[in-house]
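The data block below is target22.cif; it holds mmCIF, C-alpha atoms.
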data_upload
#
loop_
_atom_site.label_atom_id
_atom_site.label_comp_id
_atom_site.auth_asym_id
_atom_site.auth_seq_id
_atom_site.Cartn_x
_atom_site.Cartn_y
_atom_site.Cartn_z
CA MET A 1 10.34 -27.61 -20.29
CA GLU A 2 9.66 -24.06 -21.32
CA ILE A 3 7.01 -23.83 -18.62
CA ALA A 4 9.48 -25.04 -16.01
CA GLN A 5 11.95 -22.40 -17.14
CA LYS A 6 9.32 -19.67 -16.84
CA MET A 7 8.35 -20.92 -13.40
CA ILE A 8 11.91 -20.71 -12.13
CA VAL A 9 12.22 -17.16 -13.43
CA ILE A 10 8.95 -16.17 -11.75
CA LEU A 11 10.02 -17.81 -8.49
CA ILE A 12 13.35 -15.99 -8.34
CA ALA A 13 11.78 -12.69 -9.39
CA GLY A 14 8.96 -12.95 -6.88
CA VAL A 15 11.10 -13.91 -3.92
CA LEU A 16 14.36 -12.07 -4.55
CA THR A 17 14.79 -9.59 -7.38
CA GLU A 18 11.29 -8.15 -7.71
CA ASN A 19 10.27 -8.54 -4.11
CA PHE A 20 6.93 -6.91 -3.44
CA ILE A 21 7.90 -5.13 -0.26
CA LEU A 22 11.48 -4.16 -0.90
CA SER A 23 11.51 -3.25 -4.56
CA LYS A 24 7.90 -2.60 -5.53
CA PHE A 25 6.77 -0.89 -2.31
CA LEU A 26 3.55 -2.82 -2.04
CA GLY A 27 2.13 -3.83 1.30
CA ILE A 28 4.28 -1.47 3.37
CA CYS A 29 1.57 -0.86 5.97
CA PRO A 30 1.41 -4.46 7.26
CA PHE A 31 5.18 -4.75 6.74
CA LEU A 32 5.78 -1.99 9.29
CA GLY A 33 2.67 -2.46 11.37
CA VAL A 34 2.56 -6.19 12.08
CA SER A 35 6.27 -7.05 12.06
CA LYS A 36 6.98 -6.54 15.74
CA LYS A 37 6.81 -10.21 16.65
CA ILE A 38 7.87 -13.20 14.60
CA SER A 39 4.64 -15.06 15.33
CA SER A 40 2.34 -12.27 14.14
CA SER A 41 4.40 -11.61 11.03
CA LEU A 42 4.19 -15.31 10.18
CA GLY A 43 0.41 -15.14 10.50
CA MET A 44 0.12 -12.00 8.41
CA GLY A 45 2.47 -13.35 5.76
CA LEU A 46 0.51 -16.59 5.41
CA ALA A 47 -2.81 -14.73 5.28
CA VAL A 48 -1.51 -12.41 2.56
CA MET A 49 -0.11 -15.31 0.55
CA LEU A 50 -3.41 -17.17 0.73
CA THR A 51 -5.43 -14.10 -0.27
CA MET A 52 -3.10 -13.29 -3.16
CA VAL A 53 -3.49 -16.77 -4.66
CA PHE A 54 -7.27 -16.84 -4.28
CA ALA A 55 -7.68 -13.24 -5.43
CA THR A 56 -5.88 -14.18 -8.64
CA ILE A 57 -8.00 -17.30 -9.06
CA PHE A 58 -11.11 -15.09 -9.00
CA THR A 59 -9.98 -11.89 -10.70
CA PHE A 60 -8.07 -13.39 -13.63
CA PRO A 61 -11.00 -15.32 -15.19
CA ILE A 62 -13.42 -12.46 -14.51
CA TYR A 63 -11.11 -10.04 -16.31
CA THR A 64 -10.49 -12.26 -19.34
CA LEU A 65 -13.98 -13.76 -19.60
CA VAL A 66 -16.19 -10.84 -18.59
CA LEU A 67 -14.44 -7.48 -18.77
CA VAL A 68 -12.44 -8.00 -21.97
CA PRO A 69 -15.32 -9.33 -24.16
CA LEU A 70 -17.54 -6.49 -22.93
CA LYS A 71 -14.74 -3.96 -23.60
CA ILE A 72 -14.95 -2.47 -20.13
CA GLU A 73 -11.36 -3.08 -19.04
CA TYR A 74 -11.33 0.32 -17.36
CA MET A 75 -13.71 -1.07 -14.73
CA SER A 76 -10.96 -3.40 -13.53
CA THR A 77 -10.05 -1.39 -10.42
CA ILE A 78 -13.60 -1.30 -9.08
CA THR A 79 -14.24 -4.94 -9.91
CA PHE A 80 -11.01 -6.18 -8.35
CA VAL A 81 -11.42 -4.19 -5.15
CA LEU A 82 -14.93 -5.55 -4.74
CA ILE A 83 -13.95 -9.14 -5.47
CA ILE A 84 -11.09 -9.00 -2.99
CA ALA A 85 -13.25 -7.43 -0.28
CA LEU A 86 -15.96 -10.00 -0.88
CA PHE A 87 -13.52 -12.89 -0.91
CA VAL A 88 -11.88 -11.82 2.34
CA GLN A 89 -15.29 -11.62 4.01
CA ILE A 90 -16.27 -15.09 2.79
CA MET A 91 -12.91 -16.55 3.76
CA GLU A 92 -13.30 -15.14 7.26
CA MET A 93 -16.77 -16.67 7.67
CA VAL A 94 -15.76 -20.08 6.31
CA MET A 95 -12.65 -20.17 8.47
CA ARG A 96 -14.57 -19.24 11.61
CA LYS A 97 -17.15 -21.94 10.98
CA TYR A 98 -15.01 -24.87 9.84
CA ILE A 99 -11.37 -24.34 10.86
CA PRO A 100 -11.49 -22.48 14.19
CA PRO A 101 -7.81 -23.04 15.09
CA LEU A 102 -6.68 -21.46 11.82
CA TYR A 103 -9.14 -18.63 12.38
CA GLU A 104 -7.72 -18.01 15.83
CA SER A 105 -4.25 -17.50 14.42
CA LEU A 106 -4.96 -15.87 11.03
CA GLY A 107 -8.44 -14.40 11.49
CA ILE A 108 -7.42 -11.14 13.08
CA PHE A 109 -5.26 -10.26 10.09
CA LEU A 110 -7.96 -10.84 7.50
CA PRO A 111 -9.88 -7.54 7.76
CA LEU A 112 -6.59 -5.66 7.37
CA ILE A 113 -5.93 -7.39 4.06
CA THR A 114 -8.92 -5.82 2.32
CA THR A 115 -7.09 -2.52 2.10
CA ASN A 116 -3.68 -4.08 1.50
CA CYS A 117 -2.31 -2.76 -1.75
CA ALA A 118 -0.13 -5.85 -2.30
CA VAL A 119 -3.18 -8.02 -3.01
CA LEU A 120 -4.77 -5.57 -5.44
CA GLY A 121 -1.30 -4.95 -6.89
CA VAL A 122 -0.71 -8.61 -7.68
CA ALA A 123 -4.16 -8.88 -9.29
CA ILE A 124 -3.47 -5.88 -11.54
CA LEU A 125 0.08 -6.97 -12.39
CA ASN A 126 -1.12 -10.45 -13.33
CA ILE A 127 -3.50 -9.21 -15.99
CA GLY A 128 -0.84 -6.81 -17.28
CA GLY A 129 1.83 -9.49 -17.71
CA ASP A 130 1.57 -12.07 -20.47
CA PHE A 131 0.77 -14.95 -18.16
CA GLY A 132 -1.67 -17.77 -18.72
CA PHE A 133 -4.05 -18.67 -15.93
CA GLY A 134 -1.74 -21.25 -14.35
CA LEU A 135 1.34 -19.04 -14.42
CA ALA A 136 -0.65 -16.11 -13.01
CA ILE A 137 -1.58 -18.22 -10.00
CA PHE A 138 2.01 -19.34 -9.60
CA ASN A 139 3.15 -15.72 -9.85
CA ALA A 140 0.73 -14.73 -7.09
CA PHE A 141 2.03 -17.59 -4.96
CA CYS A 142 5.66 -16.50 -5.45
CA ALA A 143 4.85 -12.87 -4.69
CA GLY A 144 3.18 -14.05 -1.49
CA LEU A 145 6.14 -16.24 -0.64
CA GLY A 146 8.48 -13.28 -1.09
CA PHE A 147 6.23 -11.22 1.16
CA LEU A 148 6.26 -13.93 3.83
CA ILE A 149 10.04 -14.34 3.75
CA VAL A 150 10.71 -10.61 4.04
CA MET A 151 8.16 -10.27 6.86
CA LEU A 152 9.88 -13.08 8.79
CA LEU A 153 13.41 -11.73 8.25
CA PHE A 154 12.36 -8.21 9.14
CA SER A 155 10.52 -9.15 12.31
CA SER A 156 13.62 -10.97 13.52
CA ILE A 157 15.66 -7.80 12.94
CA ARG A 158 13.09 -5.70 14.72
CA GLU A 159 13.08 -7.93 17.79
CA ARG A 160 16.78 -7.16 18.12
CA VAL A 161 16.39 -3.45 17.40
CA GLU A 162 13.80 -3.11 20.18
CA GLN A 163 16.46 -4.09 22.71
CA SER A 164 19.21 -1.79 21.55
CA ASP A 165 20.08 1.72 22.64
CA ILE A 166 19.40 4.22 19.82
CA PRO A 167 19.20 8.04 19.69
CA HIS A 168 15.90 9.37 20.95
CA ALA A 169 14.80 11.03 17.71
CA LEU A 170 15.31 7.80 15.80
CA LYS A 171 13.24 5.62 18.14
CA GLY A 172 10.15 3.94 16.77
CA THR A 173 9.32 4.49 13.13
CA PRO A 174 12.55 6.12 11.86
CA ILE A 175 14.87 3.31 12.94
CA THR A 176 12.42 0.78 11.51
CA LEU A 177 12.49 2.53 8.14
CA ILE A 178 16.28 2.79 8.15
CA ALA A 179 16.55 -0.92 8.94
CA ALA A 180 14.19 -1.56 6.03
CA ALA A 181 16.40 0.60 3.81
CA ILE A 182 19.50 -1.45 4.63
CA MET A 183 17.60 -4.66 4.04
CA SER A 184 16.26 -3.36 0.74
CA LEU A 185 19.79 -2.43 -0.27
CA SER A 186 20.93 -6.00 0.33
CA PHE A 187 18.12 -7.25 -1.89
CA VAL A 188 19.30 -4.90 -4.66
CA GLY A 189 22.39 -7.09 -4.69
CA PHE A 190 20.33 -9.89 -6.26
CA THR A 191 19.45 -7.68 -9.22
CA PHE A 192 22.90 -6.69 -10.41
CA MET B 1 2.35 11.07 8.42
CA LEU B 2 2.31 7.33 8.64
CA LEU B 3 -0.65 6.60 6.42
CA GLY B 4 -0.61 5.91 2.72
CA MET B 5 3.03 4.99 2.75
CA CYS B 6 3.17 2.75 -0.29
CA PRO B 7 2.69 5.54 -2.84
CA ALA B 8 4.74 7.92 -0.70
CA LEU B 9 7.75 5.66 -1.06
CA ALA B 10 7.23 4.31 -4.53
CA VAL B 11 6.47 7.30 -6.73
CA THR B 12 8.64 9.95 -5.08
CA THR B 13 11.75 9.36 -7.17
CA THR B 14 11.16 12.81 -8.69
CA ALA B 15 9.45 15.90 -7.31
CA ALA B 16 7.04 16.14 -10.26
CA ASN B 17 5.83 12.56 -9.73
CA GLY B 18 5.28 13.21 -6.03
CA LEU B 19 3.31 16.36 -6.80
CA GLY B 20 1.17 14.58 -9.41
CA MET B 21 0.42 11.67 -7.12
CA GLY B 22 -0.42 14.06 -4.28
CA LEU B 23 -2.85 16.05 -6.42
CA ALA B 24 -4.52 12.91 -7.78
CA THR B 25 -4.98 11.60 -4.25
CA MET B 26 -6.29 14.99 -3.09
CA PHE B 27 -8.89 15.05 -5.85
CA VAL B 28 -10.14 11.56 -4.97
CA LEU B 29 -10.12 12.45 -1.28
CA ILE B 30 -12.27 15.58 -1.73
CA CYS B 31 -14.73 13.93 -4.12
CA SER B 32 -15.18 10.77 -2.08
CA ASN B 33 -15.53 12.77 1.16
CA VAL B 34 -18.30 14.89 -0.36
CA ALA B 35 -20.06 11.90 -1.93
CA ILE B 36 -19.93 9.86 1.26
CA SER B 37 -21.18 12.68 3.45
CA LEU B 38 -24.08 13.26 1.04
CA LEU B 39 -24.96 9.57 1.06
CA LYS B 40 -24.35 8.90 4.74
CA ASN B 41 -28.06 8.69 5.61
CA ILE B 42 -28.86 6.34 2.74
CA ILE B 43 -26.03 3.85 3.22
CA PRO B 44 -26.99 1.15 5.74
CA ASN B 45 -24.51 0.85 8.57
CA GLN B 46 -23.73 -2.84 8.10
CA VAL B 47 -22.55 -2.54 4.51
CA ARG B 48 -20.94 0.87 4.75
CA LEU B 49 -17.38 -0.31 4.11
CA PRO B 50 -18.14 -1.98 0.73
CA CYS B 51 -20.13 1.12 -0.24
CA TYR B 52 -17.19 3.38 0.58
CA ILE B 53 -14.90 1.12 -1.41
CA ILE B 54 -17.12 1.37 -4.48
CA ILE B 55 -17.41 5.17 -4.25
CA ILE B 56 -13.64 5.60 -3.83
CA ALA B 57 -12.77 3.13 -6.61
CA GLY B 58 -15.21 4.94 -8.90
CA PHE B 59 -13.44 8.26 -8.46
CA VAL B 60 -10.06 6.58 -8.85
CA THR B 61 -11.15 5.17 -12.21
CA PHE B 62 -12.27 8.66 -13.23
CA VAL B 63 -8.89 10.19 -12.32
CA LYS B 64 -7.07 7.35 -14.04
CA GLN B 65 -8.89 7.91 -17.33
CA MET B 66 -8.50 11.68 -17.15
CA LEU B 67 -4.74 11.42 -16.61
CA GLU B 68 -4.43 8.86 -19.40
CA ALA B 69 -6.16 11.26 -21.78
CA PHE B 70 -4.62 14.59 -20.78
CA ILE B 71 -1.30 14.00 -18.94
CA PRO B 72 0.01 10.74 -20.44
CA TRP B 73 3.59 11.11 -19.13
CA LEU B 74 2.34 11.32 -15.55
CA TYR B 75 0.01 8.38 -16.21
CA ASP B 76 2.99 6.33 -17.40
CA SER B 77 5.29 7.19 -14.54
CA LEU B 78 2.69 6.61 -11.81
CA GLY B 79 1.71 3.33 -13.46
CA LEU B 80 0.45 0.72 -11.04
CA PHE B 81 0.16 3.18 -8.18
CA LEU B 82 -2.66 5.12 -9.78
CA PRO B 83 -5.26 2.35 -9.42
CA LEU B 84 -3.81 1.63 -5.99
CA ILE B 85 -5.10 5.01 -4.73
CA ALA B 86 -8.33 3.02 -4.29
CA VAL B 87 -6.86 1.16 -1.32
CA ASN B 88 -4.98 4.12 0.16
CA CYS B 89 -5.66 4.06 3.88
CA ILE B 90 -5.82 7.87 4.13
CA ILE B 91 -8.92 8.07 1.95
CA PHE B 92 -10.55 5.15 3.70
CA GLY B 93 -9.67 6.52 7.12
CA ARG B 94 -11.11 9.99 6.40
CA ALA B 95 -14.29 8.51 4.94
CA GLU B 96 -14.86 6.46 8.05
CA ALA B 97 -13.67 8.95 10.64
CA PHE B 98 -14.87 12.25 9.22
CA ALA B 99 -17.09 12.20 6.12
CA SER B 100 -19.57 9.72 7.57
CA ARG B 101 -20.30 12.10 10.47
CA ASN B 102 -20.16 15.60 8.98
CA ASN B 103 -21.89 17.71 6.35
CA PRO B 104 -20.61 17.87 2.74
CA LEU B 105 -18.97 21.31 3.09
CA LYS B 106 -16.98 20.36 6.18
CA SER B 107 -16.00 17.07 4.54
CA ALA B 108 -14.76 18.85 1.43
CA VAL B 109 -12.61 21.17 3.55
CA ASP B 110 -11.31 18.21 5.53
CA GLY B 111 -10.46 16.41 2.29
CA ALA B 112 -8.67 19.46 0.93
CA GLY B 113 -6.68 19.91 4.17
CA MET B 114 -5.62 16.28 4.33
CA GLY B 115 -4.86 16.31 0.61
CA ILE B 116 -2.65 19.40 0.82
CA GLY B 117 -0.72 17.88 3.72
CA PHE B 118 -0.20 14.64 1.82
CA THR B 119 0.81 16.48 -1.37
CA LEU B 120 3.33 18.60 0.54
CA ALA B 121 4.84 15.53 2.17
CA LEU B 122 5.18 13.79 -1.20
CA LEU B 123 6.65 16.93 -2.76
CA ILE B 124 9.29 17.25 -0.03
CA MET B 125 10.19 13.56 -0.28
CA GLY B 126 10.33 13.76 -4.06
CA SER B 127 12.52 16.88 -4.03
CA VAL B 128 15.03 15.43 -1.57
CA ARG B 129 15.30 12.19 -3.51
CA GLU B 130 15.52 13.91 -6.88
CA ILE B 131 18.21 16.40 -5.79
CA LEU B 132 20.38 13.75 -4.13
CA GLY B 133 19.62 10.87 -6.46
CA SER B 134 19.72 12.44 -9.91
CA GLY B 135 20.96 16.02 -9.36
CA THR B 136 17.91 17.70 -10.88
CA LEU B 137 14.73 19.30 -9.59
CA MET B 138 11.28 19.14 -11.22
CA ALA B 139 12.78 17.44 -14.28
CA GLY B 140 10.31 17.08 -17.14
CA THR B 141 8.36 20.21 -16.24
CA ALA B 142 8.75 23.92 -17.10
CA LEU B 143 10.56 24.51 -13.82
CA ALA B 144 13.33 21.99 -14.50
CA MET B 145 16.74 22.88 -13.10
CA ASP B 146 20.06 21.20 -12.41
CA ILE B 147 21.66 21.08 -9.02
CA PRO B 148 25.39 21.82 -9.35
CA GLY B 149 27.58 19.22 -7.72
CA PHE B 150 24.97 16.49 -7.64
CA LYS B 151 24.36 16.54 -11.38
CA ASP B 152 27.75 15.01 -12.21
CA GLU B 153 28.00 12.63 -9.30
CA PRO B 154 24.47 11.67 -8.27
CA ILE B 155 23.98 9.38 -5.27
CA ILE B 156 22.10 6.65 -7.09
CA LEU B 157 21.10 5.06 -3.80
CA PHE B 158 18.40 7.68 -3.35
CA VAL B 159 16.43 6.79 -6.45
CA LEU B 160 16.61 3.08 -5.59
CA PRO B 161 13.86 1.65 -3.38
CA ALA B 162 16.27 1.64 -0.44
CA GLY B 163 16.62 5.41 -0.74
CA GLY B 164 12.86 5.77 -0.31
CA PHE B 165 12.92 4.02 3.06
CA LEU B 166 16.05 5.90 4.12
CA THR B 167 14.77 9.37 3.16
CA TYR B 168 11.43 8.77 4.80
CA GLY B 169 13.01 7.48 8.00
CA LEU B 170 15.41 10.41 8.20
CA ILE B 171 12.68 12.99 7.51
CA ILE B 172 10.59 11.59 10.36
CA ALA B 173 13.66 11.55 12.60
CA VAL B 174 14.39 15.22 11.82
CA MET B 175 10.77 16.11 12.52
CA ASN B 176 10.90 14.26 15.83
CA LYS B 177 14.03 16.18 16.73
CA ILE B 178 12.56 19.57 15.80
CA MET B 179 9.25 19.00 17.52
CA LYS B 180 10.91 17.33 20.51
CA LYS B 181 7.98 14.97 20.61
CA PRO B 182 8.40 11.52 22.07
CA ALA B 183 8.72 9.06 19.22
CA ARG B 184 5.37 7.79 18.03
CA ASP B 185 5.12 4.08 17.80
CA ILE B 186 3.20 2.07 15.26
CA SER B 187 0.66 0.24 17.34
CA CYS B 188 -3.05 -0.43 17.55
CA GLU B 189 -3.57 2.57 19.81
CA THR B 190 -2.24 5.03 17.25
CA CYS B 191 -3.75 3.30 14.22
CA PRO B 192 -6.28 5.55 12.46
CA SER B 193 -8.33 2.59 11.35
CA LYS B 194 -8.86 1.32 14.89
CA SER B 195 -12.55 2.25 14.91
CA VAL B 196 -13.24 -0.27 12.16
CA CYS B 197 -10.57 -2.79 13.05
CA LYS B 198 -11.77 -6.06 14.48
CA LYS B 199 -8.44 -6.86 16.04
CA TYR B 200 -8.58 -3.65 18.05
CA SER B 201 -12.14 -4.14 19.28
CA ASP B 202 -11.35 -7.73 20.28
CA LYS B 203 -8.42 -6.49 22.28
CA GLN B 204 -10.54 -3.87 24.04
CA GLU B 205 -13.13 -6.49 24.95
CA SER B 206 -10.62 -8.87 26.44
CA LYS B 207 -9.26 -6.10 28.68
#

Could I get this structure in the form of structure tokens?
Amino acid sequence: MEIAQKMIVILIAGVLTENFILSKFLGICPFLGVSKKISSSLGMGLAVMLTMVFATIFTFPIYTLVLVPLKIEYMSTITFVLIIALFVQIMEMVMRKYIPPLYESLGIFLPLITTNCAVLGVAILNIGGDFGFGLAIFNAFCAGLGFLIVMLLFSSIRERVEQSDIPHALKGTPITLIAAAIMSLSFVGFTF
Amino acid sequence: MLLGMCPALAVTTTAANGLGMGLATMFVLICSNVAISLLKNIIPNQVRLPCYIIIIAGFVTFVKQMLEAFIPWLYDSLGLFLPLIAVNCIIFGRAEAFASRNNPLKSAVDGAGMGIGFTLALLIMGSVREILGSGTLMAGTALAMDIPGFKDEPIILFVLPAGGFLTYGLIIAVMNKIMKKPARDISCETCPSKSVCKKYSDKQESK
């Protein structure tokens, strides 16, 4: 029962109140770069969600079982970056070999994820919070879900913005950022 | 000015934070540029990206420990974003585009130049947000001052995440207006990582 309660809190925090993009500023580059079309933002969102979950599955045990007993917690950044880079490479190879259709749609986003701060961010946050292994994975999943939802909503807004007539100086990046600001403001509403 | 946005938006709630983050990034940028340009003939081409990642993450860990020991308040306020310097696209982009092709001296100068630009941008963002959002400037340092008018009635919006997006968007818009340049779009053509990006090379092949 207590676990279920914790899970609900994590779900709401990950998707709404503590959203990775809009209140923690993680993963802004793909958020602005790949959100022009709904289809590509769906692909990117799914790829990020998948990587977040698997990155946690690998980094969490390595931190608790290897780094902590050896008292080298300060090596966590290096270790995590390497694990994530390695994992993304392996995932790309496996996908290309065994699930070509999925690779066609998600594959192009995978190299970009290596330097995505949201994935490293979730790995670091998970070891900082007082989660067990299971809850850490669930937390990563919810963070990814929040990322996916915001990507989808934002790409729909952007498809409309592309069509509209806006002042010249605001075209391109500025109007995108201002749209993101308004969206972020609406998500603040969930907090208070 | 479109790279390394996550820290630019997240830590610039005060000018001092922006300055600290900028200097930390600059230090890592210079060190990793020099190290990579020294090692460029030893690192095999196929595994160069993982090698760069290790070098950069190593320097980030160094900076993180130094700050924790000597400037704890900055370490606390930068928090999560300090280790995240390791995946900052600016550092990665310069390593790939410049340091891997030039000598150590040139790379150090390039790192310093890029770092100063990034620090300035963060400082400007931080100042605007701090003045409007909390009515102070450089709070927590020796230069702290209050801004009359904003101190009593701060616009809280600007220290919220939304204010980060808004300030950044407006600053770029003002710069576009001043420079009268056509708006730059975020696309594969303008992406600084395009030389290593698989998506980009696939697109070029299919053309």

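With all atoms listed in the file as the atoms that count, the residue of B:Lys106, B:Lys40, B:Arg48, B:Lys64 with the shortest distance to chain A is B:Lys64.
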
What residues in chain A lie within 8 Å of chain B, counting all atoms listed in the file, written as a JSON list (two decimals) with C-alpha atoms, in the frame of the given file?
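Done, and the output landed in result_24.json:
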[["chain", "number", "residue", "atom", "x", "y", "z"],
["A", 22, "LEU", "CA", 11.48, -4.16, -0.90],
["A", 23, "SER", "CA", 11.51, -3.25, -4.56],
["A", 24, "LYS", "CA", 7.90, -2.60, -5.53],
["A", 25, "PHE", "CA", 6.77, -0.89, -2.31],
["A", 26, "LEU", "CA", 3.55, -2.82, -2.04],
["A", 27, "GLY", "CA", 2.13, -3.83, 1.30],
["A", 28, "ILE", "CA", 4.28, -1.47, 3.37],
["A", 29, "CYS", "CA", 1.57, -0.86, 5.97],
["A", 32, "LEU", "CA", 5.78, -1.99, 9.29],
["A", 33, "GLY", "CA", 2.67, -2.46, 11.37],
["A", 74, "TYR", "CA", -11.33, 0.32, -17.36],
["A", 75, "MET", "CA", -13.71, -1.07, -14.73],
["A", 77, "THR", "CA", -10.05, -1.39, -10.42],
["A", 78, "ILE", "CA", -13.60, -1.30, -9.08],
["A", 81, "VAL", "CA", -11.42, -4.19, -5.15],
["A", 82, "LEU", "CA", -14.93, -5.55, -4.74],
["A", 85, "ALA", "CA", -13.25, -7.43, -0.28],
["A", 108, "ILE", "CA", -7.42, -11.14, 13.08],
["A", 109, "PHE", "CA", -5.26, -10.26, 10.09],
["A", 111, "PRO", "CA", -9.88, -7.54, 7.76],
["A", 112, "LEU", "CA", -6.59, -5.66, 7.37],
["A", 115, "THR", "CA", -7.09, -2.52, 2.10],
["A", 116, "ASN", "CA", -3.68, -4.08, 1.50],
["A", 117, "CYS", "CA", -2.31, -2.76, -1.75],
["A", 120, "LEU", "CA", -4.77, -5.57, -5.44],
["A", 121, "GLY", "CA", -1.30, -4.95, -6.89],
["A", 124, "ILE", "CA", -3.47, -5.88, -11.54],
["A", 125, "LEU", "CA", 0.08, -6.97, -12.39],
["A", 168, "HIS", "CA", 15.90, 9.37, 20.95],
["A", 169, "ALA", "CA", 14.80, 11.03, 17.71],
["A", 170, "LEU", "CA", 15.31, 7.80, 15.80],
["A", 171, "LYS", "CA", 13.24, 5.62, 18.14],
["A", 172, "GLY", "CA", 10.15, 3.94, 16.77],
["A", 173, "THR", "CA", 9.32, 4.49, 13.13],
["A", 174, "PRO", "CA", 12.55, 6.12, 11.86],
["A", 175, "ILE", "CA", 14.87, 3.31, 12.94],
["A", 176, "THR", "CA", 12.42, 0.78, 11.51],
["A", 177, "LEU", "CA", 12.49, 2.53, 8.14],
["A", 178, "ILE", "CA", 16.28, 2.79, 8.15],
["A", 180, "ALA", "CA", 14.19, -1.56, 6.03],
["A", 181, "ALA", "CA", 16.40, 0.60, 3.81],
["A", 182, "ILE", "CA", 19.50, -1.45, 4.63],
["A", 183, "MET", "CA", 17.60, -4.66, 4.04],
["A", 184, "SER", "CA", 16.26, -3.36, 0.74],
["A", 185, "LEU", "CA", 19.79, -2.43, -0.27]]

Which residues, written as an MDAnalysis selection string, have at least one atom at most 12 Å from B:Asp152, with all atoms listed in the file counted and residues fewer than 5 positions away on the same chain left out?
-> chainID B and resid 131:136 146:147

List, as an MDAnalysis selection string, every residue that the PyMOL selection byres ((chain B and resi 20) around 10) selects in the file provided.
-> chainID B and resid 11:12 15:19 21:26 67 71 74:75 77:78 119 122:123

Can you turn the PyMOL selection byres ((chain A and resi 105) around 12) into a concrete residue list for this file, as a VMD selection string?
-> (chain A and resid 39 to 47 92 95 to 96 99 to 104 106 to 110) or (chain B and resid 199)

Take the residues just selected and output them with C-alpha atoms as a PDB file, in the coordinates of the input.
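In the end it all went to part_10.pdb:
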ATOM      1  CA  SER A  39       4.640 -15.060  15.330  1.00  0.00           C
ATOM      2  CA  SER A  40       2.340 -12.270  14.140  1.00  0.00           C
ATOM      3  CA  SER A  41       4.400 -11.610  11.030  1.00  0.00           C
ATOM      4  CA  LEU A  42       4.190 -15.310  10.180  1.00  0.00           C
ATOM      5  CA  GLY A  43       0.410 -15.140  10.500  1.00  0.00           C
ATOM      6  CA  MET A  44       0.120 -12.000   8.410  1.00  0.00           C
ATOM      7  CA  GLY A  45       2.470 -13.350   5.760  1.00  0.00           C
ATOM      8  CA  LEU A  46       0.510 -16.590   5.410  1.00  0.00           C
ATOM      9  CA  ALA A  47      -2.810 -14.730   5.280  1.00  0.00           C
ATOM     10  CA  GLU A  92     -13.300 -15.140   7.260  1.00  0.00           C
ATOM     11  CA  MET A  95     -12.650 -20.170   8.470  1.00  0.00           C
ATOM     12  CA  ARG A  96     -14.570 -19.240  11.610  1.00  0.00           C
ATOM     13  CA  ILE A  99     -11.370 -24.340  10.860  1.00  0.00           C
ATOM     14  CA  PRO A 100     -11.490 -22.480  14.190  1.00  0.00           C
ATOM     15  CA  PRO A 101      -7.810 -23.040  15.090  1.00  0.00           C
ATOM     16  CA  LEU A 102      -6.680 -21.460  11.820  1.00  0.00           C
ATOM     17  CA  TYR A 103      -9.140 -18.630  12.380  1.00  0.00           C
ATOM     18  CA  GLU A 104      -7.720 -18.010  15.830  1.00  0.00           C
ATOM     19  CA  LEU A 106      -4.960 -15.870  11.030  1.00  0.00           C
ATOM     20  CA  GLY A 107      -8.440 -14.400  11.490  1.00  0.00           C
ATOM     21  CA  ILE A 108      -7.420 -11.140  13.080  1.00  0.00           C
ATOM     22  CA  PHE A 109      -5.260 -10.260  10.090  1.00  0.00           C
ATOM     23  CA  LEU A 110      -7.960 -10.840   7.500  1.00  0.00           C
TER      24      LEU A 110
ATOM     25  CA  LYS B 199      -8.440  -6.860  16.040  1.00  0.00           C
TER      26      LYS B 199
END

Could you pull out every residue with an atom within 12 Å of (20.9, -11.0, -13.6), file coordinates, counting all atoms listed in the file, and send them as an MDAnalysis selection string?
-> chainID A and resid 9 12:13 16:18 188:192

Mind dumping the selected residues with C-alpha atoms as a PDB file, in the coordinates of the input?
ATOM      1  CA  VAL A   9      12.220 -17.160 -13.430  1.00  0.00           C
ATOM      2  CA  ILE A  12      13.350 -15.990  -8.340  1.00  0.00           C
ATOM      3  CA  ALA A  13      11.780 -12.690  -9.390  1.00  0.00           C
ATOM      4  CA  LEU A  16      14.360 -12.070  -4.550  1.00  0.00           C
ATOM      5  CA  THR A  17      14.790  -9.590  -7.380  1.00  0.00           C
ATOM      6  CA  GLU A  18      11.290  -8.150  -7.710  1.00  0.00           C
ATOM      7  CA  VAL A 188      19.300  -4.900  -4.660  1.00  0.00           C
ATOM      8  CA  GLY A 189      22.390  -7.090  -4.690  1.00  0.00           C
ATOM      9  CA  PHE A 190      20.330  -9.890  -6.260  1.00  0.00           C
ATOM     10  CA  THR A 191      19.450  -7.680  -9.220  1.00  0.00           C
ATOM     11  CA  PHE A 192      22.900  -6.690 -10.410  1.00  0.00           C
TER      12      PHE A 192
END

Taking (-14.3, 10.3, 7.3) in the file's coordinates as the center, which residues reach within 9 Å of it, counting all atoms listed in the file, put as a ChimeraX atom specification?
-> /B:33,36-37,91-102,107,110-111

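Taking atom CA of A:Asn139 and atom CA of A:Met93 as endpoints, the distance between them is 26.5 Å.
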
Return as AutoDock Vina command-line options the box centre and box size in Å, one decimal, for an axis-aligned box around all listed atoms of stretch 151-162 of chain A padded by 4 Å per side.
--center_x 12.5 --center_y -8.1 --center_z 13.5 --size_x 16.6 --size_y 18.0 --size_z 21.3

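Between A:Val119 and the candidates A:Ile72, A:Leu148, A:Ala55, A:Phe154, the tightest atom-to-atom separation, counting all atoms listed in the file, involves A:Ala55.
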
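Atom pair atom CA of B:Asp76 / atom CA of B:Gly126: separated by 16.9 Å.
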
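The spacing separating atom CA of A:Ala118 from atom CA of A:Val150 amounts to 13.4 Å.
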
Can I get C-alpha atoms for stretch 174-179 of chain A, as an mmCIF file, in the first residue's frame?
data_model
loop_
_atom_site.group_PDB
_atom_site.id
_atom_site.type_symbol
_atom_site.label_atom_id
_atom_site.label_comp_id
_atom_site.auth_asym_id
_atom_site.auth_seq_id
_atom_site.Cartn_x
_atom_site.Cartn_y
_atom_site.Cartn_z
ATOM 1 C CA PRO A 174 12.743 33.336 -30.042
ATOM 2 C CA ILE A 175 9.082 32.523 -30.662
ATOM 3 C CA THR A 176 9.778 28.873 -29.861
ATOM 4 C CA LEU A 177 11.296 29.840 -26.520
ATOM 5 C CA ILE A 178 8.436 32.191 -25.693
ATOM 6 C CA ALA A 179 5.927 29.457 -26.500
#
